[in-house]
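Undergrad: What follows is a structure written as structure tokens; I'll ask about it next.
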Amino acid sequence: KSAAPEFAMAHSSEKDEAPKAGAASGWPFLLISAACLPISMWYQHSMAGNLQTQVAAYTLADLQQQSEDDHILLAVWGRVFDVSAGKEFYGKGQSYAIFAGHDCTKAFALTRRHEGLLDQGLEDLTEKQLRHLNRTYWETYVAKYPVVGRLEDPPYQAADYDQFAGPFAEVQYTRPRKASAAATKESVRESRCPVTRAARAVGNALVKLLPRQLLPN
């Protein structure tokens, strides 16, 4: 990507030849843009707030206490997943019921259903097992179930595995891929509230009009 600035400065000769009136005529627009900047920033912030939701904090004890047949939680790499949609797998009496209410990271890495592998550290895992765990995390859990929380007391240093799962300190609520696609279609529907529609229209217009230097990153 080019490191050149978006608006190149004019050469000195071109700058000297520019009519003074032209330079002055740009001030009203800049003043209006500066006055509208707070509205634009509020609009962008409010839209970003709708897309990201801070996740709840859970402990290992919380996972066990809050996991019921209709509300099933488990953790992988310190991320708490709501796997209630997979009740046929994780519900009582089902083949994966042993995982409900636990941090299952080590068990998934070793592909074993064993109670002794639940809520355990990861110090003795090999690189191959970590890569397998990485595939399981992304292809099974992130793809199919929402992240609803962050484990406060994982039995390992979750941040040590940021290279696989992303920054543990920045865990956000996520949606399964299919649900995300459906939500994207839903989000393009126009609000029926006239105030909301007007605010959205004004915000969009201001974002397009303001110089890029005045917009927040």
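Naming scheme: A, B, ... for chains in displayed order of the structure tokens; residues 1 onward per chain; ligands 1 onward as shown.
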For Lys106 (chain A), please output as JSON, numbers by chain all residues within 9 Å (counting only C-alpha atoms; exclusion window: fewer than 2 positions along the same chain).
TA: {"A": [76, 103, 104, 108, 109, 110, 111, 112, 117, 118, 119, 120, 121, 122, 125, 133]}
Undergrad: Neighbours of region 59-75 of chain A within 8 Å (only C-alpha atoms; same-chain residues fewer than 5 positions away dropped), as a PDB file with N, CA and C atoms, in the first residue's frame?
TA:
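out18.pdb was written with the following content:
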ATOM      1  N   VAL A  80     -16.369 -18.866  26.065  1.00  0.00           N
ATOM      2  CA  VAL A  80     -17.554 -19.609  26.494  1.00  0.00           C
ATOM      3  C   VAL A  80     -18.540 -19.654  25.338  1.00  0.00           C
ATOM      4  N   PHE A  81     -18.900 -20.866  24.940  1.00  0.00           N
ATOM      5  CA  PHE A  81     -19.846 -21.070  23.849  1.00  0.00           C
ATOM      6  C   PHE A  81     -21.196 -21.525  24.394  1.00  0.00           C
ATOM      7  N   ASP A  82     -22.246 -21.025  23.770  1.00  0.00           N
ATOM      8  CA  ASP A  82     -23.596 -21.510  24.056  1.00  0.00           C
ATOM      9  C   ASP A  82     -23.913 -22.568  23.007  1.00  0.00           C
ATOM     10  N   VAL A  83     -23.883 -23.826  23.411  1.00  0.00           N
ATOM     11  CA  VAL A  83     -24.103 -24.934  22.472  1.00  0.00           C
ATOM     12  C   VAL A  83     -25.512 -25.506  22.618  1.00  0.00           C
ATOM     13  N   SER A  84     -26.418 -24.695  23.113  1.00  0.00           N
ATOM     14  CA  SER A  84     -27.800 -25.157  23.314  1.00  0.00           C
ATOM     15  C   SER A  84     -28.436 -25.639  22.022  1.00  0.00           C
ATOM     16  N   LYS A  87     -28.356 -29.472  21.292  1.00  0.00           N
ATOM     17  CA  LYS A  87     -28.879 -30.258  22.411  1.00  0.00           C
ATOM     18  C   LYS A  87     -28.851 -31.750  22.130  1.00  0.00           C
ATOM     19  N   TYR A  90     -25.160 -32.433  23.170  1.00  0.00           N
ATOM     20  CA  TYR A  90     -24.667 -32.053  24.490  1.00  0.00           C
ATOM     21  C   TYR A  90     -25.717 -32.159  25.595  1.00  0.00           C
ATOM     22  N   GLY A  91     -26.951 -32.474  25.253  1.00  0.00           N
ATOM     23  CA  GLY A  91     -27.994 -32.604  26.264  1.00  0.00           C
ATOM     24  C   GLY A  91     -27.805 -33.845  27.130  1.00  0.00           C
ATOM     25  N   LYS A  92     -28.548 -33.913  28.198  1.00  0.00           N
ATOM     26  CA  LYS A  92     -28.445 -35.050  29.121  1.00  0.00           C
ATOM     27  C   LYS A  92     -28.696 -36.367  28.394  1.00  0.00           C
ATOM     28  N   PHE A  99     -19.251 -32.991  28.118  1.00  0.00           N
ATOM     29  CA  PHE A  99     -18.564 -31.716  27.905  1.00  0.00           C
ATOM     30  C   PHE A  99     -19.338 -30.519  28.464  1.00  0.00           C
ATOM     31  N   ALA A 100     -20.607 -30.657  28.669  1.00  0.00           N
ATOM     32  CA  ALA A 100     -21.450 -29.545  29.120  1.00  0.00           C
ATOM     33  C   ALA A 100     -20.993 -29.022  30.477  1.00  0.00           C
ATOM     34  N   GLY A 101     -20.814 -27.708  30.585  1.00  0.00           N
ATOM     35  CA  GLY A 101     -20.439 -27.099  31.845  1.00  0.00           C
ATOM     36  C   GLY A 101     -18.966 -27.163  32.174  1.00  0.00           C
ATOM     37  N   HIS A 102     -18.114 -27.421  31.168  1.00  0.00           N
ATOM     38  CA  HIS A 102     -16.674 -27.555  31.418  1.00  0.00           C
ATOM     39  C   HIS A 102     -15.838 -26.834  30.365  1.00  0.00           C
ATOM     40  N   ASP A 103     -14.583 -26.590  30.732  1.00  0.00           N
ATOM     41  CA  ASP A 103     -13.602 -26.185  29.732  1.00  0.00           C
ATOM     42  C   ASP A 103     -13.096 -27.472  29.085  1.00  0.00           C
ATOM     43  N   CYS A 104     -13.346 -27.566  27.784  1.00  0.00           N
ATOM     44  CA  CYS A 104     -13.088 -28.826  27.080  1.00  0.00           C
ATOM     45  C   CYS A 104     -11.846 -28.766  26.192  1.00  0.00           C
ATOM     46  N   THR A 105     -11.033 -27.747  26.369  1.00  0.00           N
ATOM     47  CA  THR A 105      -9.931 -27.492  25.449  1.00  0.00           C
ATOM     48  C   THR A 105      -9.009 -28.699  25.302  1.00  0.00           C
ATOM     49  N   ASP A 119     -11.355 -29.349  32.146  1.00  0.00           N
ATOM     50  CA  ASP A 119     -10.854 -28.302  33.051  1.00  0.00           C
ATOM     51  C   ASP A 119      -9.384 -28.536  33.397  1.00  0.00           C
ATOM     52  N   LEU A 151     -13.965 -16.822  29.851  1.00  0.00           N
ATOM     53  CA  LEU A 151     -13.687 -17.564  31.085  1.00  0.00           C
ATOM     54  C   LEU A 151     -12.660 -16.802  31.911  1.00  0.00           C
ATOM     55  N   GLU A 152     -13.017 -16.484  33.150  1.00  0.00           N
ATOM     56  CA  GLU A 152     -12.145 -15.700  34.018  1.00  0.00           C
ATOM     57  C   GLU A 152     -11.035 -16.533  34.656  1.00  0.00           C
ATOM     58  N   ASP A 153     -11.250 -17.820  34.804  1.00  0.00           N
ATOM     59  CA  ASP A 153     -10.255 -18.668  35.477  1.00  0.00           C
ATOM     60  C   ASP A 153      -9.955 -19.940  34.681  1.00  0.00           C
ATOM     61  N   PRO A 154      -9.558 -19.814  33.417  1.00  0.00           N
ATOM     62  CA  PRO A 154      -9.223 -21.021  32.660  1.00  0.00           C
ATOM     63  C   PRO A 154      -8.032 -21.723  33.303  1.00  0.00           C
TER      64      PRO A 154
END
Undergrad: I'd like to know which of A:Ala107, A:Val147, A:Val142, A:Arg175 is closest to Gln129 (chain A), using only C-alpha atoms.
TA: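 The closest residue to Gln129 (chain A) is A:Ala107.
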Undergrad: Rounded to one decimal place, report the CA of Phe168 (chain A)-CA of Ala97 (chain A) distance in Å.
TA: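 Taking CA of Phe168 (chain A) as the start and CA of Ala97 (chain A) as the end point, the length is 26.2 Å.
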Undergrad: In Å to one decimal, how far is CA of Val171 (chain A) from CA of Trp77 (chain A)?
TA: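 Straight-line distance from CA of Trp77 (chain A) to CA of Val171 (chain A) works out to 10.8 Å.
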